[in-house]
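Undergrad: My structure is in work_8.csv, and what it holds is CSV, C-alpha atoms (C1' of nucleotides):
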chain,number,residue,atom,x,y,z
A,1,MET,CA,21.7,59.8,-19.9
A,2,SER,CA,18.3,60.6,-21.0
A,3,GLU,CA,16.7,63.0,-18.5
A,4,ASP,CA,20.0,63.5,-16.8
A,5,MET,CA,20.5,66.5,-19.0
A,6,ALA,CA,17.8,68.2,-17.1
A,7,GLY,CA,17.6,68.0,-13.3
A,8,PHE,CA,14.5,68.0,-11.3
A,9,ARG,CA,14.8,71.8,-11.1
A,10,ASP,CA,14.6,72.1,-14.9
A,11,ARG,CA,11.6,69.8,-15.2
A,12,VAL,CA,9.6,71.8,-12.7
A,13,SER,CA,10.5,75.1,-14.5
A,14,VAL,CA,9.1,73.6,-17.8
A,15,ILE,CA,5.9,72.4,-16.2
A,16,VAL,CA,5.2,75.7,-14.5
A,17,SER,CA,5.8,77.5,-17.8
A,18,GLN,CA,3.2,75.2,-19.4
A,19,ILE,CA,0.5,76.2,-16.9
A,20,PRO,CA,-2.1,78.1,-19.0
A,21,HIS,CA,-3.8,81.4,-18.0
A,22,GLY,CA,-6.5,81.0,-15.4
A,23,ARG,CA,-5.2,77.6,-14.2
A,24,VAL,CA,-3.1,76.6,-11.2
A,25,MET,CA,-1.2,73.5,-10.0
A,26,THR,CA,-0.2,72.2,-6.6
A,27,TYR,CA,3.4,71.5,-5.5
A,28,GLY,CA,2.6,67.9,-5.0
A,29,GLN,CA,1.1,67.5,-8.4
A,30,ILE,CA,4.1,69.2,-10.1
A,31,ALA,CA,6.5,67.0,-8.1
A,32,ALA,CA,4.6,63.9,-9.2
A,33,LEU,CA,4.8,64.9,-12.8
A,34,CYS,CA,8.6,65.3,-12.3
A,35,GLY,CA,8.7,61.7,-11.0
A,36,ASN,CA,8.7,62.3,-7.2
A,37,ALA,CA,5.4,63.1,-5.6
A,38,ARG,CA,7.1,63.4,-2.3
A,39,ALA,CA,9.4,66.2,-3.5
A,40,ALA,CA,6.7,68.8,-3.2
A,41,ARG,CA,9.1,70.8,-0.9
A,42,VAL,CA,11.8,70.6,-3.5
A,43,VAL,CA,9.4,72.2,-5.9
A,44,GLY,CA,9.0,75.1,-3.5
A,45,GLY,CA,12.7,75.5,-3.1
A,46,ILE,CA,13.1,75.5,-6.9
A,47,ALA,CA,10.4,78.1,-7.2
A,48,HIS,CA,12.4,80.5,-5.0
A,49,PHE,CA,15.6,80.0,-7.0
A,50,GLY,CA,14.1,79.1,-10.4
A,51,ASP,CA,13.4,81.4,-13.3
A,52,PRO,CA,11.5,84.5,-12.0
A,53,ASN,CA,9.9,84.9,-15.4
A,54,LEU,CA,7.8,81.8,-14.9
A,55,PRO,CA,4.2,82.1,-13.5
A,56,TRP,CA,5.0,80.8,-10.0
A,57,GLN,CA,1.9,82.6,-8.9
A,58,ARG,CA,-0.1,79.8,-10.5
A,59,VAL,CA,1.6,77.4,-8.3
A,60,VAL,CA,-0.3,76.9,-5.0
A,61,ASN,CA,-0.3,74.4,-2.1
A,62,ARG,CA,-2.9,71.7,-1.4
A,63,LYS,CA,-5.1,74.3,0.3
A,64,GLY,CA,-5.3,76.4,-2.8
A,65,GLY,CA,-3.2,79.2,-1.3
A,66,MET,CA,0.2,79.9,0.2
A,67,ALA,CA,1.7,78.5,3.4
A,68,ARG,CA,4.3,81.3,3.5
A,69,GLY,CA,7.1,83.0,1.7
A,70,TYR,CA,5.6,84.1,-1.6
A,71,TYR,CA,7.2,87.2,-3.0
A,72,GLY,CA,5.5,90.2,-1.4
A,73,GLY,CA,3.1,88.0,0.5
A,74,ARG,CA,0.4,85.5,-0.3
A,75,LYS,CA,-2.1,88.4,-0.5
A,76,THR,CA,-0.2,89.4,-3.6
A,77,GLN,CA,-0.6,86.0,-5.2
A,78,GLN,CA,-4.3,86.0,-4.5
A,79,ARG,CA,-4.6,89.3,-6.3
A,80,GLU,CA,-2.7,88.0,-9.2
A,81,LEU,CA,-4.8,84.9,-9.6
A,82,GLU,CA,-8.0,86.8,-9.2
A,83,SER,CA,-6.8,88.9,-12.1
A,84,GLU,CA,-6.6,85.7,-14.1
A,85,GLY,CA,-10.2,84.9,-13.3
A,86,ILE,CA,-9.6,82.6,-10.4
A,87,VAL,CA,-12.2,82.9,-7.6
A,88,PHE,CA,-11.1,82.9,-4.0
A,89,ASP,CA,-13.0,82.1,-0.9
A,90,ALA,CA,-13.4,84.3,2.2
A,91,GLU,CA,-10.9,82.0,3.9
A,92,GLY,CA,-8.2,83.0,1.5
A,93,HIS,CA,-8.1,79.8,-0.5
A,94,ILE,CA,-9.3,79.0,-4.0
A,95,ALA,CA,-13.1,78.6,-3.9
A,96,ASP,CA,-13.1,75.8,-6.5
A,97,LEU,CA,-9.6,74.4,-6.6
A,98,GLN,CA,-10.4,71.3,-8.6
A,99,ASN,CA,-12.1,73.5,-11.2
A,100,VAL,CA,-9.0,75.7,-11.8
A,101,LEU,CA,-6.5,72.9,-11.4
A,102,TRP,CA,-4.5,72.3,-14.6
A,103,HIS,CA,-4.2,68.8,-15.8
A,104,PRO,CA,-1.3,68.5,-18.2
A,105,GLU,CA,-1.9,64.7,-18.7
A,106,LEU,CA,-5.4,65.4,-19.7
A,107,SER,CA,-4.4,67.9,-22.3
B,1,DG,C1',31.7,64.3,0.2
B,2,DG,C1',28.5,65.3,4.3
B,3,DG,C1',24.9,67.9,6.4
B,4,DC,C1',21.3,71.6,6.8
B,5,DT,C1',17.3,73.9,4.7
B,6,DG,C1',12.7,74.5,3.0
B,7,DA,C1',7.2,78.7,-1.5
B,8,DC,C1',4.8,70.9,1.1
B,9,DT,C1',1.9,67.1,2.6
B,10,DG,C1',-0.3,64.2,5.5
B,11,DA,C1',-1.1,62.3,10.1
B,12,DC,C1',-1.9,62.9,15.1
B,13,DG,C1',-3.6,65.2,19.6
C,1,DA,C1',-12.2,72.2,13.6
C,2,DC,C1',-7.4,73.9,14.6
C,3,DG,C1',-2.4,73.4,16.1
C,4,DT,C1',1.7,70.7,16.1
C,5,DC,C1',5.1,66.9,14.6
C,6,DA,C1',7.4,64.0,11.5
C,7,DG,C1',8.8,62.5,6.8
C,8,DC,C1',10.2,63.3,2.5
C,9,DC,C1',13.9,64.6,-1.3
C,10,DA,C1',16.5,67.9,-4.5
C,11,DG,C1',19.3,71.9,-4.0
C,12,DC,C1',22.8,74.7,-1.7
C,13,DC,C1',26.8,75.7,1.8
Take the structure in the file and give it back as structure tokens.
TA:
Amino acid sequence: MSEDMAGFRDRVSVIVSQIPHGRVMTYGQIAALCGNARAARVVGGIAHFGDPNLPWQRVVNRKGGMARGYYGGRKTQQRELESEGIVFDAEGHIADLQNVLWHPELS
DNA sequence: GGGCTGACTGACG
DNA sequence: ACGTCAGCCAGCC
């Protein structure tokens, strides 16, 4: 019992809470940090049921946007991220995703 | 204890 | 380039 005390769900919550202002992370990246890069979908499910106080708006998919299901709509998230200084492209995805991607292992 | 779901990702046509 | 299909795994019924 080491990490058993905290399930995958708890790890994701912690990582999301660690995302700084003006930065974003992809589901696959978060899942990988939790130990399962292929559990990206699980991260999404956790987001829906996890702590609403966490900045889930900074969590985006590989395209730098939302596939579907974000609270209020993906348009809402774009507005939130733009408010943090993140620039979006006319296509609705982050203009320079790699530039705003948060790298916790590089901290 | 078993089975379905899904805020994803990557591959294929 | 865009649309669709299959795989993956933790969480929930």
Undergrad: Would you work out the distance separating atom CA of A:Ala67 from atom CA of A:Glu105, expressed in Å to one decimal?
TA: 26.3 Å
Undergrad: Show which residues sit within 12 Å of B:DG10, as number ranges by chain. Count all atoms listed in the file, and ignore same-chain residues fewer than 4 positions away.
TA: A: 28, 38, 62; C: 5-8
Undergrad: Given the selection you just returned, output its residues as a file containing C-alpha atoms (C1' of nucleotides), formatted as a compact mmCIF listing (two decimals), keeping the file's coordinate frame.
TA:
# COMPACT_ATOMS: atom_id res chain seq x y z
CA GLY A 28 2.60 67.90 -5.00
CA ARG A 38 7.10 63.40 -2.30
CA ARG A 62 -2.90 71.70 -1.40
C1' DC C 5 5.10 66.90 14.60
C1' DA C 6 7.40 64.00 11.50
C1' DG C 7 8.80 62.50 6.80
C1' DC C 8 10.20 63.30 2.50
Undergrad: Residues within 8 Å of B:DC8, please, as a PDB file with C-alpha atoms, in the coordinates of the input. Count only C-alpha atoms (C1' of nucleotides); anything in the same chain fewer than 2 positions from it doesn't count.
TA:
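Resulting contents of around_2.pdb:
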ATOM      1  CA  TYR A  27       3.400  71.500  -5.500  1.00  0.00           C
ATOM      2  CA  GLY A  28       2.600  67.900  -5.000  1.00  0.00           C
ATOM      3  CA  ALA A  40       6.700  68.800  -3.200  1.00  0.00           C
ATOM      4  CA  ARG A  41       9.100  70.800  -0.900  1.00  0.00           C
ATOM      5  CA  GLY A  44       9.000  75.100  -3.500  1.00  0.00           C
ATOM      6  CA  ASN A  61      -0.300  74.400  -2.100  1.00  0.00           C
TER       7      ASN A  61
END
Undergrad: Report, in Å with one decimal, the straight-line distance from atom CA of A:Ile19 to atom CA of A:His103.
TA: 8.8 Å
Undergrad: Could you tell me which residues of chain B sit within 8 Å of chain A when counting only C-alpha atoms (C1' of nucleotides), and give me the result as a count of residues only?
TA: 4
Undergrad: Starting from chain C, keep only residues with some atom at most 9 Å from an atom of chain A, counting all atoms listed in the file, and report them as a list in words.
TA: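 Taken together, these residues fit the definition: DC8, DC9, DA10 and DG11 of chain C.
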Undergrad: Which residues are near A:Val24? Cut-off 12 Å, all atoms listed in the file, ignore same chain within fewer than 3 positions. Put them as a ChimeraX atom specification.
TA: /A:15-21,27,29-30,55-65,77-78,80-82,84-87,94,96-104
Undergrad: Just how far from atom CA of A:Glu91 is atom CA of A:Asn53, in Å to one decimal?
TA: 28.5 Å
